[in-house]
Number of protein chains: 2
Amino acid sequence: MASVLRMTEQRKIILEELRGLCTHPTANEVYEIVRKRLPRISLGTVYRNLEILSETGMIQKLEMAGTQKRFDGNTENHYHVRCLGCGRVDDVAIEPISSIDSALDGVIDYRIVWHRLEFMGFCPKCQFKMNGVLKSNRKDYLDNDH
Amino acid sequence: MASVLRMTEQRKIILEELRGLCTHPTANEVYEIVRKRLPRISLGTVYRNLEILSETGMIQKLEMAGTQKRFDGNTENHYHVRCLGCGRVDDVAIEPISSIDSALDGVIDYRIVWHRLEFMGFCPKCQFKMNGVLKSNRKDYLDNDH
DNA sequence: AGATTAATAGGAATAGTTACTATTACCAAA
DNA sequence: TTTGGTAATAGTAACTATTCCTATTAATCT
């Protein structure tokens, strides 16, 4: 008897909010957003539902190097860029390069299933801030938003 | 007055052990290894030294997606493969593809500094185990070592 | 030698995440 | 409609990886 997945109010709202964002919030950010509509929701419920939604392929779980998990309402396979200044994560509008998977043929005995490519750099905002720092030598420019 | 970096016994042994390995141990694994030679070393010391050694470029800190940090005695810039079965991480003996960094030119307004490429697949050992599973339908093959 | 300061061991604290528990909500069969 | 089974929930405790704190020890510099 296969278990039935119920689309509860909480789950529906988490999904809705995530689909309506182009950012890639962390579990805690999702919690804060959803709490505006469901003030009594618990953080555990958010985690569980993010897990279930990503298991069933309705959202994507982004496990990026060195930081906490982020969640993406866009389920298409795509790369991401991360800003080294403020930590924001953006989608990259290029086709995944499937030929990369075969780059290791004959080099190593793994059977490659996929690859994960993350670009690291500075977003426009942080580039601007860095120029400001260089000009004014004021470090606090960088300390404001995370 | 610049602070002096002391090469203490603990630091030296951590470095030695790491250089003598082709695996990519976690901080805790390094701790267990080093403890055989320095039974009184503390985990905090291991963490601090791994941090310092990677800051000074003597080792490499690998922040891989979705798992804990790993450390690499090989300081050359290289890619890694991760086994989806057992979690082991191996070096990839191909040259980093620097042209990847310019793949986003004109696509997005980030200033790209570098990229991180991780291959995901199954190591020879796990491929073998999986064949065993397919043949015998015994799931416990996979449950032994992590 | 004495002063200075890096590094240490040991343990407390933190952050992100997962697990547990009692309760509630939903559906289906009687 | 009740009743039984199970999914999901809120709230909280537990866990894990990592960082921070503190008193002490040990190099290095005058």
# chains A, B, ... in the order shown; residues from 1 in each chain; ligands from 1
>>> closest_atom_pairs(of="chain B", to="chain A", cutoff="7 Å", atoms="only C-alpha atoms", output="Markdown table")
| residue | atom | partner | partner_atom | distance |
| --- | --- | --- | --- | --- |
| B:Glu63 | CA | A:Gly66 | CA | 4.8 |
| B:Met64 | CA | A:Ala65 | CA | 4.5 |
| B:Ala65 | CA | A:Ala65 | CA | 3.9 |
| B:Gly66 | CA | A:Glu63 | CA | 4.7 |
| B:Ala93 | CA | A:Val107 | CA | 6.9 |
| B:Val107 | CA | A:Ala93 | CA | 6.9 |
| B:Asp109 | CA | A:Pro124 | CA | 6.0 |
| B:Tyr110 | CA | A:Cys123 | CA | 4.6 |
| B:Arg111 | CA | A:Phe122 | CA | 5.1 |
| B:Ile112 | CA | A:Gly121 | CA | 4.1 |
| B:Val113 | CA | A:Gly121 | CA | 4.7 |
| B:Trp114 | CA | A:Met120 | CA | 5.3 |
| B:His115 | CA | A:Phe119 | CA | 4.3 |
| B:Arg116 | CA | A:Glu118 | CA | 5.1 |
| B:Leu117 | CA | A:Leu117 | CA | 4.6 |
| B:Glu118 | CA | A:Arg116 | CA | 5.1 |
| B:Phe119 | CA | A:His115 | CA | 4.3 |
| B:Met120 | CA | A:Trp114 | CA | 5.3 |
| B:Gly121 | CA | A:Ile112 | CA | 4.1 |
| B:Phe122 | CA | A:Arg111 | CA | 5.1 |
| B:Cys123 | CA | A:Tyr110 | CA | 4.5 |
| B:Pro124 | CA | A:Tyr110 | CA | 5.9 |
>>> calpha_fit_and_write(fixed="chain A", moving="chain B", output="short mmCIF file (atom, residue, chain, number, x, y, z; two decimals) with N, CA and C atoms, in the first residue's frame")
data_model
loop_
_atom_site.label_atom_id
_atom_site.label_comp_id
_atom_site.auth_asym_id
_atom_site.auth_seq_id
_atom_site.Cartn_x
_atom_site.Cartn_y
_atom_site.Cartn_z
N MET B 1 0.26 -1.19 -0.16
CA MET B 1 -0.53 0.05 -0.14
C MET B 1 0.38 1.28 -0.10
N ALA B 2 0.50 1.95 -1.22
CA ALA B 2 1.40 3.10 -1.32
C ALA B 2 0.88 4.25 -0.45
N SER B 3 1.83 4.91 0.21
CA SER B 3 1.40 6.02 1.06
C SER B 3 0.97 7.21 0.19
N VAL B 4 0.00 7.94 0.68
CA VAL B 4 -0.56 9.06 -0.08
C VAL B 4 0.13 10.35 0.35
N LEU B 5 0.54 11.12 -0.62
CA LEU B 5 1.17 12.39 -0.31
C LEU B 5 0.09 13.46 -0.24
N ARG B 6 -0.08 14.02 0.93
CA ARG B 6 -1.13 15.02 1.08
C ARG B 6 -0.60 16.41 0.80
N MET B 7 -1.35 17.19 0.03
CA MET B 7 -0.94 18.57 -0.20
C MET B 7 -1.59 19.44 0.86
N THR B 8 -0.89 19.51 1.97
CA THR B 8 -1.43 20.30 3.08
C THR B 8 -1.27 21.79 2.81
N GLU B 9 -1.97 22.57 3.61
CA GLU B 9 -1.88 24.03 3.53
C GLU B 9 -0.42 24.48 3.64
N GLN B 10 0.26 23.96 4.64
CA GLN B 10 1.67 24.35 4.87
C GLN B 10 2.53 24.05 3.64
N ARG B 11 2.36 22.81 3.14
CA ARG B 11 3.16 22.40 2.00
C ARG B 11 2.87 23.26 0.78
N LYS B 12 1.58 23.54 0.59
CA LYS B 12 1.16 24.34 -0.57
C LYS B 12 1.77 25.74 -0.51
N ILE B 13 1.74 26.32 0.66
CA ILE B 13 2.24 27.69 0.80
C ILE B 13 3.76 27.75 0.66
N ILE B 14 4.43 26.75 1.19
CA ILE B 14 5.89 26.69 1.01
C ILE B 14 6.22 26.64 -0.47
N LEU B 15 5.50 25.79 -1.19
CA LEU B 15 5.72 25.63 -2.63
C LEU B 15 5.42 26.93 -3.38
N GLU B 16 4.28 27.52 -3.06
CA GLU B 16 3.89 28.79 -3.69
C GLU B 16 4.95 29.86 -3.51
N GLU B 17 5.36 30.06 -2.28
CA GLU B 17 6.32 31.11 -2.00
C GLU B 17 7.63 30.87 -2.71
N LEU B 18 8.05 29.62 -2.72
CA LEU B 18 9.31 29.28 -3.36
C LEU B 18 9.24 29.50 -4.87
N ARG B 19 8.10 29.17 -5.45
CA ARG B 19 7.93 29.37 -6.89
C ARG B 19 7.89 30.85 -7.25
N GLY B 20 7.46 31.67 -6.29
CA GLY B 20 7.34 33.09 -6.57
C GLY B 20 8.63 33.87 -6.37
N LEU B 21 9.68 33.17 -6.07
CA LEU B 21 10.95 33.84 -5.80
C LEU B 21 11.98 33.53 -6.86
N CYS B 22 12.84 34.51 -7.16
CA CYS B 22 13.95 34.19 -8.05
C CYS B 22 15.24 34.04 -7.25
N THR B 23 15.14 34.29 -5.95
CA THR B 23 16.30 34.06 -5.10
C THR B 23 16.32 32.59 -4.72
N HIS B 24 17.27 32.20 -3.92
CA HIS B 24 17.42 30.80 -3.54
C HIS B 24 17.54 30.72 -2.04
N PRO B 25 16.40 30.82 -1.36
CA PRO B 25 16.45 30.97 0.10
C PRO B 25 16.95 29.73 0.82
N THR B 26 17.50 29.95 1.99
CA THR B 26 17.84 28.86 2.89
C THR B 26 16.56 28.41 3.58
N ALA B 27 16.65 27.28 4.27
CA ALA B 27 15.48 26.77 4.98
C ALA B 27 14.94 27.81 5.95
N ASN B 28 15.83 28.48 6.61
CA ASN B 28 15.41 29.47 7.59
C ASN B 28 14.74 30.68 6.95
N GLU B 29 15.23 31.06 5.78
CA GLU B 29 14.60 32.17 5.07
C GLU B 29 13.22 31.78 4.61
N VAL B 30 13.07 30.54 4.14
CA VAL B 30 11.75 30.06 3.76
C VAL B 30 10.81 30.11 4.97
N TYR B 31 11.33 29.69 6.08
CA TYR B 31 10.56 29.71 7.33
C TYR B 31 10.06 31.12 7.63
N GLU B 32 10.96 32.10 7.54
CA GLU B 32 10.57 33.48 7.84
C GLU B 32 9.52 34.00 6.86
N ILE B 33 9.67 33.63 5.61
CA ILE B 33 8.73 34.08 4.59
C ILE B 33 7.35 33.46 4.83
N VAL B 34 7.33 32.16 5.03
CA VAL B 34 6.07 31.44 5.16
C VAL B 34 5.36 31.83 6.46
N ARG B 35 6.13 32.18 7.45
CA ARG B 35 5.58 32.56 8.74
C ARG B 35 4.65 33.77 8.66
N LYS B 36 4.86 34.59 7.63
CA LYS B 36 3.98 35.75 7.49
C LYS B 36 2.56 35.31 7.18
N ARG B 37 2.44 34.18 6.49
CA ARG B 37 1.09 33.70 6.16
C ARG B 37 0.61 32.65 7.15
N LEU B 38 1.52 31.90 7.72
CA LEU B 38 1.18 30.85 8.69
C LEU B 38 2.04 31.07 9.94
N PRO B 39 1.60 31.96 10.81
CA PRO B 39 2.46 32.33 11.94
C PRO B 39 2.78 31.17 12.87
N ARG B 40 1.97 30.11 12.83
CA ARG B 40 2.19 29.03 13.79
C ARG B 40 2.99 27.86 13.20
N ILE B 41 3.44 27.99 11.95
CA ILE B 41 4.19 26.88 11.33
C ILE B 41 5.51 26.67 12.09
N SER B 42 5.95 25.44 12.13
CA SER B 42 7.21 25.18 12.83
C SER B 42 8.34 24.96 11.83
N LEU B 43 9.54 25.27 12.30
CA LEU B 43 10.72 25.13 11.45
C LEU B 43 10.87 23.68 10.98
N GLY B 44 10.56 22.75 11.86
CA GLY B 44 10.62 21.33 11.49
C GLY B 44 9.73 21.01 10.31
N THR B 45 8.55 21.58 10.29
CA THR B 45 7.62 21.37 9.18
C THR B 45 8.21 21.91 7.89
N VAL B 46 8.85 23.06 7.96
CA VAL B 46 9.47 23.65 6.78
C VAL B 46 10.56 22.72 6.25
N TYR B 47 11.42 22.27 7.11
CA TYR B 47 12.48 21.35 6.70
C TYR B 47 11.90 20.09 6.08
N ARG B 48 10.92 19.49 6.75
CA ARG B 48 10.35 18.24 6.26
C ARG B 48 9.74 18.43 4.89
N ASN B 49 9.01 19.54 4.71
CA ASN B 49 8.36 19.76 3.43
C ASN B 49 9.34 20.11 2.33
N LEU B 50 10.38 20.86 2.66
CA LEU B 50 11.39 21.15 1.65
C LEU B 50 12.03 19.85 1.18
N GLU B 51 12.24 18.96 2.12
CA GLU B 51 12.81 17.66 1.80
C GLU B 51 11.87 16.86 0.90
N ILE B 52 10.61 16.77 1.30
CA ILE B 52 9.63 16.00 0.53
C ILE B 52 9.43 16.61 -0.86
N LEU B 53 9.32 17.93 -0.92
CA LEU B 53 9.11 18.58 -2.21
C LEU B 53 10.30 18.37 -3.14
N SER B 54 11.50 18.31 -2.57
CA SER B 54 12.63 18.10 -3.46
C SER B 54 12.77 16.63 -3.83
N GLU B 55 12.35 15.75 -2.93
CA GLU B 55 12.37 14.32 -3.28
C GLU B 55 11.41 14.01 -4.42
N THR B 56 10.27 14.66 -4.40
CA THR B 56 9.27 14.41 -5.43
C THR B 56 9.51 15.28 -6.66
N GLY B 57 10.61 16.03 -6.66
CA GLY B 57 10.97 16.78 -7.85
C GLY B 57 10.17 18.05 -8.07
N MET B 58 9.46 18.52 -7.06
CA MET B 58 8.67 19.73 -7.23
C MET B 58 9.50 20.99 -7.00
N ILE B 59 10.58 20.84 -6.28
CA ILE B 59 11.54 21.93 -6.13
C ILE B 59 12.93 21.31 -6.21
N GLN B 60 13.93 22.14 -6.11
CA GLN B 60 15.30 21.64 -6.19
C GLN B 60 16.05 22.02 -4.92
N LYS B 61 16.79 21.07 -4.40
CA LYS B 61 17.63 21.36 -3.24
C LYS B 61 19.03 21.65 -3.74
N LEU B 62 19.55 22.80 -3.40
CA LEU B 62 20.89 23.16 -3.85
C LEU B 62 21.87 22.96 -2.71
N GLU B 63 22.76 22.01 -2.89
CA GLU B 63 23.79 21.83 -1.88
C GLU B 63 25.05 22.47 -2.42
N MET B 64 25.28 23.68 -1.99
CA MET B 64 26.43 24.40 -2.49
C MET B 64 27.61 24.23 -1.54
N ALA B 65 28.79 24.37 -2.13
CA ALA B 65 29.99 24.12 -1.35
C ALA B 65 30.16 25.12 -0.23
N GLY B 66 30.37 24.61 0.97
CA GLY B 66 30.78 25.46 2.07
C GLY B 66 29.70 26.28 2.75
N THR B 67 28.46 26.14 2.30
CA THR B 67 27.40 26.88 2.97
C THR B 67 26.20 25.97 3.20
N GLN B 68 25.19 26.55 3.79
CA GLN B 68 24.02 25.73 4.07
C GLN B 68 23.19 25.50 2.81
N LYS B 69 22.26 24.58 2.92
CA LYS B 69 21.41 24.24 1.79
C LYS B 69 20.54 25.43 1.38
N ARG B 70 20.27 25.49 0.09
CA ARG B 70 19.34 26.49 -0.42
C ARG B 70 18.32 25.77 -1.28
N PHE B 71 17.18 26.41 -1.48
CA PHE B 71 16.10 25.76 -2.21
C PHE B 71 15.64 26.62 -3.36
N ASP B 72 15.28 25.94 -4.43
CA ASP B 72 15.04 26.60 -5.70
C ASP B 72 13.71 26.11 -6.29
N GLY B 73 12.80 27.05 -6.56
CA GLY B 73 11.51 26.68 -7.13
C GLY B 73 11.62 26.25 -8.58
N ASN B 74 12.75 26.57 -9.20
CA ASN B 74 13.00 26.20 -10.59
C ASN B 74 13.63 24.81 -10.64
N THR B 75 12.87 23.86 -11.22
CA THR B 75 13.33 22.48 -11.18
C THR B 75 14.19 22.09 -12.39
N GLU B 76 14.36 23.02 -13.32
CA GLU B 76 15.21 22.66 -14.46
C GLU B 76 16.67 22.61 -14.06
N ASN B 77 17.39 21.74 -14.71
CA ASN B 77 18.82 21.58 -14.44
C ASN B 77 19.56 22.82 -14.93
N HIS B 78 20.15 23.54 -14.01
CA HIS B 78 20.87 24.75 -14.39
C HIS B 78 22.01 25.03 -13.42
N TYR B 79 22.96 25.81 -13.88
CA TYR B 79 24.09 26.16 -13.03
C TYR B 79 23.78 27.39 -12.18
N HIS B 80 24.66 27.63 -11.23
CA HIS B 80 24.51 28.79 -10.37
C HIS B 80 25.82 29.58 -10.24
N VAL B 81 25.66 30.86 -9.96
CA VAL B 81 26.81 31.72 -9.61
C VAL B 81 26.65 32.14 -8.18
N ARG B 82 27.72 32.18 -7.46
CA ARG B 82 27.64 32.70 -6.10
C ARG B 82 28.52 33.92 -5.94
N CYS B 83 27.95 34.94 -5.31
CA CYS B 83 28.71 36.17 -5.08
C CYS B 83 29.61 35.99 -3.86
N LEU B 84 30.89 36.26 -4.07
CA LEU B 84 31.87 36.11 -2.99
C LEU B 84 31.76 37.26 -1.99
N GLY B 85 31.06 38.32 -2.39
CA GLY B 85 30.91 39.45 -1.48
C GLY B 85 29.75 39.25 -0.52
N CYS B 86 28.55 39.01 -1.08
CA CYS B 86 27.35 39.00 -0.23
C CYS B 86 26.71 37.63 -0.12
N GLY B 87 27.21 36.64 -0.84
CA GLY B 87 26.68 35.30 -0.70
C GLY B 87 25.44 34.99 -1.51
N ARG B 88 24.93 35.97 -2.25
CA ARG B 88 23.71 35.70 -3.03
C ARG B 88 24.01 34.69 -4.15
N VAL B 89 22.97 33.96 -4.50
CA VAL B 89 23.10 32.92 -5.51
C VAL B 89 22.16 33.23 -6.66
N ASP B 90 22.66 33.26 -7.86
CA ASP B 90 21.81 33.51 -9.02
C ASP B 90 21.86 32.35 -9.99
N ASP B 91 20.78 32.23 -10.76
CA ASP B 91 20.76 31.23 -11.83
C ASP B 91 21.65 31.69 -12.97
N VAL B 92 22.15 30.73 -13.70
CA VAL B 92 22.94 31.04 -14.88
C VAL B 92 22.17 30.56 -16.10
N ALA B 93 21.94 31.47 -17.03
CA ALA B 93 21.12 31.14 -18.19
C ALA B 93 21.93 30.55 -19.33
N ILE B 94 22.71 29.52 -19.03
CA ILE B 94 23.35 28.80 -20.12
C ILE B 94 22.99 27.33 -20.00
N GLU B 95 23.03 26.64 -21.11
CA GLU B 95 22.73 25.21 -21.12
C GLU B 95 23.82 24.45 -20.38
N PRO B 96 23.45 23.51 -19.53
CA PRO B 96 24.47 22.66 -18.92
C PRO B 96 25.30 21.97 -20.01
N ILE B 97 26.60 21.94 -19.79
CA ILE B 97 27.52 21.40 -20.79
C ILE B 97 27.68 19.90 -20.54
N SER B 98 26.87 19.08 -21.23
CA SER B 98 26.84 17.66 -20.90
C SER B 98 28.14 16.96 -21.28
N SER B 99 28.89 17.57 -22.18
CA SER B 99 30.15 16.94 -22.59
C SER B 99 31.15 16.91 -21.44
N ILE B 100 30.92 17.75 -20.44
CA ILE B 100 31.84 17.76 -19.29
C ILE B 100 31.88 16.38 -18.62
N ASP B 101 30.72 15.72 -18.60
CA ASP B 101 30.66 14.42 -17.93
C ASP B 101 31.62 13.40 -18.54
N SER B 102 31.94 13.55 -19.80
CA SER B 102 32.83 12.58 -20.43
C SER B 102 34.29 13.04 -20.43
N ALA B 103 34.55 14.16 -19.77
CA ALA B 103 35.93 14.68 -19.73
C ALA B 103 36.88 13.71 -19.02
N LEU B 104 36.31 12.83 -18.20
CA LEU B 104 37.18 11.93 -17.44
C LEU B 104 37.31 10.55 -18.07
N ASP B 105 36.69 10.36 -19.21
CA ASP B 105 36.80 9.05 -19.85
C ASP B 105 38.26 8.69 -20.05
N GLY B 106 38.63 7.53 -19.58
CA GLY B 106 40.01 7.08 -19.76
C GLY B 106 40.99 7.68 -18.77
N VAL B 107 40.55 8.63 -17.97
CA VAL B 107 41.43 9.28 -17.00
C VAL B 107 41.30 8.62 -15.64
N ILE B 108 40.08 8.24 -15.30
CA ILE B 108 39.83 7.67 -13.98
C ILE B 108 38.71 6.65 -14.10
N ASP B 109 38.72 5.66 -13.21
CA ASP B 109 37.78 4.54 -13.35
C ASP B 109 36.41 4.75 -12.72
N TYR B 110 36.06 5.98 -12.50
CA TYR B 110 34.72 6.25 -11.98
C TYR B 110 33.70 6.14 -13.12
N ARG B 111 32.48 5.77 -12.76
CA ARG B 111 31.39 5.92 -13.71
C ARG B 111 30.70 7.24 -13.35
N ILE B 112 30.92 8.26 -14.17
CA ILE B 112 30.43 9.60 -13.87
C ILE B 112 28.93 9.69 -14.17
N VAL B 113 28.21 10.22 -13.23
CA VAL B 113 26.76 10.34 -13.38
C VAL B 113 26.37 11.77 -13.73
N TRP B 114 26.96 12.71 -13.01
CA TRP B 114 26.73 14.11 -13.35
C TRP B 114 27.87 14.95 -12.80
N HIS B 115 27.77 16.23 -13.05
CA HIS B 115 28.76 17.13 -12.48
C HIS B 115 28.03 18.33 -11.90
N ARG B 116 28.74 19.01 -11.06
CA ARG B 116 28.19 20.20 -10.43
C ARG B 116 29.16 21.33 -10.73
N LEU B 117 28.64 22.37 -11.31
CA LEU B 117 29.50 23.49 -11.68
C LEU B 117 28.98 24.75 -11.02
N GLU B 118 29.82 25.36 -10.21
CA GLU B 118 29.45 26.59 -9.54
C GLU B 118 30.41 27.69 -9.94
N PHE B 119 29.87 28.78 -10.39
CA PHE B 119 30.72 29.93 -10.70
C PHE B 119 30.83 30.81 -9.45
N MET B 120 32.02 31.33 -9.24
CA MET B 120 32.23 32.22 -8.09
C MET B 120 32.71 33.56 -8.60
N GLY B 121 32.13 34.61 -8.09
CA GLY B 121 32.55 35.93 -8.53
C GLY B 121 31.87 37.02 -7.73
N PHE B 122 31.79 38.20 -8.31
CA PHE B 122 31.18 39.33 -7.60
C PHE B 122 29.99 39.86 -8.39
N CYS B 123 28.87 40.01 -7.70
CA CYS B 123 27.67 40.52 -8.33
C CYS B 123 27.84 42.02 -8.59
N PRO B 124 27.01 42.59 -9.44
CA PRO B 124 27.13 44.02 -9.78
C PRO B 124 27.18 44.90 -8.54
N LYS B 125 26.32 44.63 -7.60
CA LYS B 125 26.24 45.43 -6.39
C LYS B 125 27.58 45.41 -5.63
N CYS B 126 28.14 44.23 -5.49
CA CYS B 126 29.39 44.12 -4.74
C CYS B 126 30.58 44.67 -5.51
N GLN B 127 30.51 44.60 -6.83
CA GLN B 127 31.56 45.22 -7.62
C GLN B 127 31.57 46.72 -7.37
N PHE B 128 30.36 47.27 -7.31
CA PHE B 128 30.22 48.70 -7.05
C PHE B 128 30.78 49.05 -5.68
N LYS B 129 30.40 48.25 -4.69
CA LYS B 129 30.89 48.48 -3.33
C LYS B 129 32.41 48.43 -3.28
N MET B 130 32.97 47.47 -4.00
CA MET B 130 34.42 47.32 -3.97
C MET B 130 35.11 48.52 -4.61
N ASN B 131 34.52 49.05 -5.67
CA ASN B 131 35.08 50.26 -6.25
C ASN B 131 35.08 51.37 -5.22
N GLY B 132 33.97 51.49 -4.52
CA GLY B 132 33.87 52.47 -3.45
C GLY B 132 34.99 52.31 -2.44
N VAL B 133 35.25 51.08 -2.08
CA VAL B 133 36.30 50.81 -1.12
C VAL B 133 37.66 51.23 -1.67
N LEU B 134 37.88 50.87 -2.91
CA LEU B 134 39.16 51.21 -3.52
C LEU B 134 39.37 52.72 -3.56
N LYS B 135 38.30 53.43 -3.88
CA LYS B 135 38.41 54.89 -3.98
C LYS B 135 38.55 55.55 -2.61
N SER B 136 37.67 55.12 -1.69
CA SER B 136 37.60 55.85 -0.42
C SER B 136 38.39 55.18 0.69
N ASN B 137 38.79 53.93 0.41
CA ASN B 137 39.52 53.16 1.40
C ASN B 137 38.73 52.94 2.69
N ARG B 138 37.40 52.97 2.56
CA ARG B 138 36.56 52.75 3.74
C ARG B 138 36.07 51.32 3.74
N LYS B 139 36.56 50.54 4.68
CA LYS B 139 36.26 49.13 4.72
C LYS B 139 34.79 48.85 5.06
N ASP B 140 34.19 49.74 5.84
CA ASP B 140 32.83 49.48 6.35
C ASP B 140 31.79 49.38 5.25
N TYR B 141 32.10 49.79 4.04
CA TYR B 141 31.18 49.59 2.92
C TYR B 141 30.72 48.14 2.83
N LEU B 142 31.65 47.25 3.10
CA LEU B 142 31.35 45.84 2.90
C LEU B 142 30.63 45.20 4.08
N ASP B 143 30.59 45.89 5.19
CA ASP B 143 30.12 45.24 6.41
C ASP B 143 28.61 45.28 6.62
N ASN B 144 27.89 46.00 5.77
CA ASN B 144 26.46 46.16 6.01
C ASN B 144 25.64 44.90 5.85
N ASP B 145 25.12 44.67 4.64
CA ASP B 145 24.30 43.46 4.48
C ASP B 145 25.19 42.27 4.18
N HIS B 146 24.73 41.15 4.60
CA HIS B 146 25.59 39.95 4.50
C HIS B 146 25.72 39.47 3.08
#
>>> interface_residues(of="chain D", to="chain B", cutoff="12 Å", atoms="only C-alpha atoms (C1' of nucleotides)", output="PyMOL selection string")
chain D and resi 16-21+26-29
>>> write_last_selection(atoms="C-alpha atoms (C1' of nucleotides)", output="CSV table (one decimal), in the first residue's frame")
chain,number,residue,atom,x,y,z
D,16,DT,C1',26.9,17.1,14.4
D,17,DA,C1',30.3,19.9,12.6
D,18,DT,C1',32.6,23.8,13.7
D,19,DT,C1',34.1,27.8,16.3
D,20,DC,C1',35.1,30.3,20.5
D,21,DC,C1',36.9,30.9,25.2
D,26,DA,C1',56.3,27.0,25.4
D,27,DA,C1',59.0,29.6,21.9
D,28,DT,C1',61.2,33.7,20.7
D,29,DC,C1',63.1,38.3,21.6
>>> select_by_dssp(residues="stretch 8-146 of chain A", states="alpha helix (DSSP H)", output="NGL selection string")
:A and (9-19 or 27-35 or 43-55 or 124-136)
>>> closest_atom_pairs(of="chain C", to="chain A", cutoff="10 Å", atoms="only C-alpha atoms (C1' of nucleotides)", output="CSV")
residue,atom,partner,partner_atom,distance
C:DA15,C1',A:Gln68,CA,10.0
C:DG16,C1',A:Gln68,CA,7.3
C:DT17,C1',A:Tyr47,CA,8.2
C:DT18,C1',A:Gly44,CA,8.5
C:DA19,C1',A:Gly44,CA,9.9
C:DA25,C1',A:Thr8,CA,9.6
C:DC26,C1',A:Arg6,CA,8.9
